[in-house]
Every structure is written in C-alpha cells, then in structure tokens.
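**Student:** Take this structure, written in structure tokens, and hold onto it; I'll ask about it next.
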Amino acid sequence: MRIRDWLGLSHAITNPQLYPLRLIDTFFASVRIATGLDTGYAQLLTRPIGWASWYKATLPPLEGTTTRAYPPCLEESRWNEDVPTLRPGQLGATARLFVRLRQLLESGSHQRLQLAVNRLNRCALRADDEDGVVDSAIGLEALLSDGNQEMTYKIGIRMAALAILSGHPDPPAVVADMKAVYKYRSAVVHGDASQLAKCRTMKRDGQSVPTAQVALEYLRLALRVVAERPEYLDAKAIDEGLLLRAGRLPPP
C-alpha cells in the first residue's frame with residue numbers, strides 16, 4: 001500500500017462521519033425504545049478483511065476512533081456499576097424494532113420518522129431536562145402533528161389513541177400527561193422562569209416524577225407503535241382509523 005493511500009485510509013478510519021452512523025444510531029434507538037436503558041457508544045471500530053497495518057499476538061487487527069454518543073450520567077461513577085443486560089423478551093423486541101425501523105427509514109419516504117428517531121437519541125444524550133423535553137416534544141410533533149392549530153390537543157388525543165393500541169389502561173391520563181409535558185415545553189421555549197420550577201415535575205400515581213422523563217416515555221411508546229403499525233405514520237390516519245371510528249374524539 002502506498003503511503004498516500006495509507007494516509008487517506010487512516011483519515012477515513014479516524015473520521016466518525018465516514019462510519020454508518022445512521023444505521024448505528026437506529027440500532028441504539030431500538031434499544032432505547034424497547035428497554036428505556038441509558039446506553040450509547042464511545043468507540044467506532046473497523047475490522048480489516050485481508051489486510052492489517054499491525055498485529056499483536058492473535059488479537060484481531062481492529063482499527064477505529066473514539067466518539068461520544070452516550071448519556072453524561074454514565075460518566076458519574078456509573079462505569080463502576082453492573083452493566084444492565086437485556087432479557088430475552090427485550091432482545092426480541094429490540095431486534096424486531098431495529099428491522100422495522102431500518103426498513104422504514106431506508107425506504108426514504110418517512111422523513112418525519114427519521115426526525116423523531118434523531119430526537120429520541122438526542123434526548124437520551126442530554127444532560128439537561130429542559131433540552132430533553134424540547135427534543136421529546138419535537139419528536140412527538142414529527143409523529144403526531146399535522147399543523148400548528150390546536151397542536152397540544154391533537155397530540156394529546158393522538159398519543160392516547162396510540163397508547164390504547166399498546167394496551168394502556170387509562171387514555172384520559174395520557175391526555176393529561178401530554179398537557180403537562182407541553183406546559184413544561186412552553187415554559188422552556190418561551191423562557192418563562194416563573195413556570196419552569198412548577199412544570200419540571202408532575203404527579204403520577206401520587207408521586208412526583210420528572211416531566212422530561214414522562215415526555216421521553218411517550219416518545220418511546222409512539223415510536224414503538226408506529227414501527228409496528230406504519231399506517232399510523234400519517235397522523236390523520238390516527239384520527240380516521242382509531243378515534244373517529246371508535247367515537248373517541250373528544251371536543252378540544
């Protein structure tokens with residue numbers, strides 16, 4: 001191999017943007033959707049086939065580079081804790097989601113789904129709840145909104161409809177949760193400091209939970225449902241196929 005060729009190859013190996021990041025991130029999105037675990041990656045590796053720049057004993061001649069695509073919480077002594085492992089059911093769910101998401105995204109006709117997946121991954125990597133709730137809201141809007149009119153209402157009832165498909169027992173509670181999420185989002189994007197502290201947490205089953213966490217849970221749920229039922233990637237199809245047909249479309 002000529003020196004010029006080697007230098008070009010070396011640059012490619014150490015440049016994260018030349019790796020199949022969309023495919024990698026789709027896989028990690030599938031893990032997050034299926035499990036809710038804090039996860040990510042810090043290295044990108046290649047294994048040369050038929051060549052190597054160096055060998056060490058019988059170890060495979062891996063090449064690669066470092067990156068940072070993992071939650072900041074993993075640096076706060078979490079490295080010393082036991083690593084969570086996926087149960088068989090979670091493994092199966094992750095595999096199915098990855099296959100479905102990959103098929104849908106590689107078709108090139110579901111840009112809003114790609115936006116929602118990207119925002120899910122960004123949200124999972126945020127250190128700040130305020131940034132996280134905005135990411136989750138953008139992801140939910142990509143999947144459930146068809147305009148700016150009555151957006152909170154539409155997203156709330158459409159999210160409730162998807163929750164029914166997933167077996168959620170209390171659709172009105174979903175609508176109430178989404179109102180709380182959007183109240184927090186509004187306080188963040190409009191810089192309403194007087195509301196931020198009030199909206200940062202919400203009540204669930206008598207307990208206080210972070211609103212950003214609830215928003216991320218619903219984005220995971222929505223992505224899981226539309227991956228399995230891609231006909232509902234058209235938000236209006238949720239109205240026509242679920243809400244109007246069932247007589248469950250409440251007044252705004």
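Numbering starts fresh at 1 for the residues of each chain in the structure tokens, the chains themselves are lettered A, B, ... in the order given, and ligands are numbered from 1 as they appear.
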Just list as JSON, numbers by chain whatever in stretch 60-216 of chain A DSSP marks as strand (DSSP E).
**Tutor:** {"A": [63, 64, 65, 66, 67, 68, 69, 201, 202, 203, 204, 207, 208, 209, 210]}
**Student:** Could you give me, as an mmCIF file with C-alpha atoms, in the first residue's frame, each residue of stretch 87-134 of chain A that DSSP assigns to helix (DSSP H, G or I) when run on this structure's backbone?
**Tutor:**
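Final file, out27.cif:
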```
data_model
loop_
_atom_site.group_PDB
_atom_site.id
_atom_site.type_symbol
_atom_site.label_atom_id
_atom_site.label_comp_id
_atom_site.auth_asym_id
_atom_site.auth_seq_id
_atom_site.Cartn_x
_atom_site.Cartn_y
_atom_site.Cartn_z
ATOM 1 C CA PRO A 88 -34.732 -12.500 26.185
ATOM 2 C CA GLY A 89 -38.006 -10.630 25.666
ATOM 3 C CA GLN A 90 -36.165 -7.328 25.383
ATOM 4 C CA LEU A 91 -33.706 -8.814 22.909
ATOM 5 C CA GLY A 92 -36.562 -9.970 20.701
ATOM 6 C CA ALA A 93 -38.339 -6.624 20.927
ATOM 7 C CA THR A 94 -35.126 -4.744 20.097
ATOM 8 C CA ALA A 95 -34.442 -6.966 17.087
ATOM 9 C CA ARG A 96 -37.973 -6.534 15.716
ATOM 10 C CA LEU A 97 -37.865 -2.768 16.192
ATOM 11 C CA PHE A 98 -34.468 -2.499 14.522
ATOM 12 C CA VAL A 99 -35.621 -4.470 11.495
ATOM 13 C CA ARG A 100 -38.830 -2.449 11.154
ATOM 14 C CA LEU A 101 -37.206 0.943 11.690
ATOM 15 C CA ARG A 102 -34.412 0.111 9.273
ATOM 16 C CA GLN A 103 -36.895 -0.923 6.590
ATOM 17 C CA LEU A 104 -38.998 2.206 7.062
ATOM 18 C CA LEU A 105 -36.079 4.629 7.235
ATOM 19 C CA GLU A 106 -34.133 3.139 4.328
ATOM 20 C CA GLN A 111 -38.533 11.788 6.936
ATOM 21 C CA ARG A 112 -40.712 12.651 9.934
ATOM 22 C CA LEU A 113 -39.977 9.230 11.415
ATOM 23 C CA GLN A 114 -36.240 9.875 10.940
ATOM 24 C CA LEU A 115 -36.643 13.205 12.742
ATOM 25 C CA ALA A 116 -38.423 11.503 15.643
ATOM 26 C CA VAL A 117 -35.702 8.831 15.922
ATOM 27 C CA ASN A 118 -32.994 11.508 15.838
ATOM 28 C CA ARG A 119 -34.724 13.471 18.595
ATOM 29 C CA LEU A 120 -35.147 10.371 20.722
ATOM 30 C CA ASN A 121 -31.404 9.755 20.520
ATOM 31 C CA ARG A 122 -30.587 13.399 21.243
ATOM 32 C CA CYS A 123 -32.924 13.427 24.221
ATOM 33 C CA ALA A 124 -31.262 10.312 25.646
ATOM 34 C CA LEU A 125 -27.869 12.054 25.475
ATOM 35 C CA ASP A 129 -34.089 18.191 31.370
ATOM 36 C CA GLU A 130 -35.087 21.411 29.637
ATOM 37 C CA ASP A 131 -33.242 20.434 26.456
ATOM 38 C CA GLY A 132 -34.582 16.900 26.792
ATOM 39 C CA VAL A 133 -38.254 17.877 26.973
ATOM 40 C CA VAL A 134 -37.873 20.065 23.866
#
```
**Student:** Determine, counting only C-alpha atoms, which protein, DNA and RNA residues have an atom within 8 Å of an atom of stretch 150-157 of chain A; residues of the same chain fewer than 3 positions away are not included. Present the result as a ChimeraX atom specification.
**Tutor:** /A:140-141,144-145,147,160-161,174-176,178-179,182,249,252
**Student:** Record the distance separating atom CA of A:Asp25 and atom CA of A:Pro210, expressed in Å with one decimal.
**Tutor:**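 Rounded to one decimal, the two atoms are 25.2 Å apart.
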**Student:** Taking into account only C-alpha atoms, which residue in the set A:Arg68, A:Arg158, A:Arg32, A:Lys198 is nearest to A:Leu86?
**Tutor:**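 Among the listed residues, A:Arg32 lies closest to A:Leu86.
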**Student:** Can you measure atom CA of A:Asp146 to atom CA of A:Leu233 for me? One decimal in Å is fine.
**Tutor:**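 Interatomic distance, atom CA of A:Asp146 to atom CA of A:Leu233: 11.1 Å.
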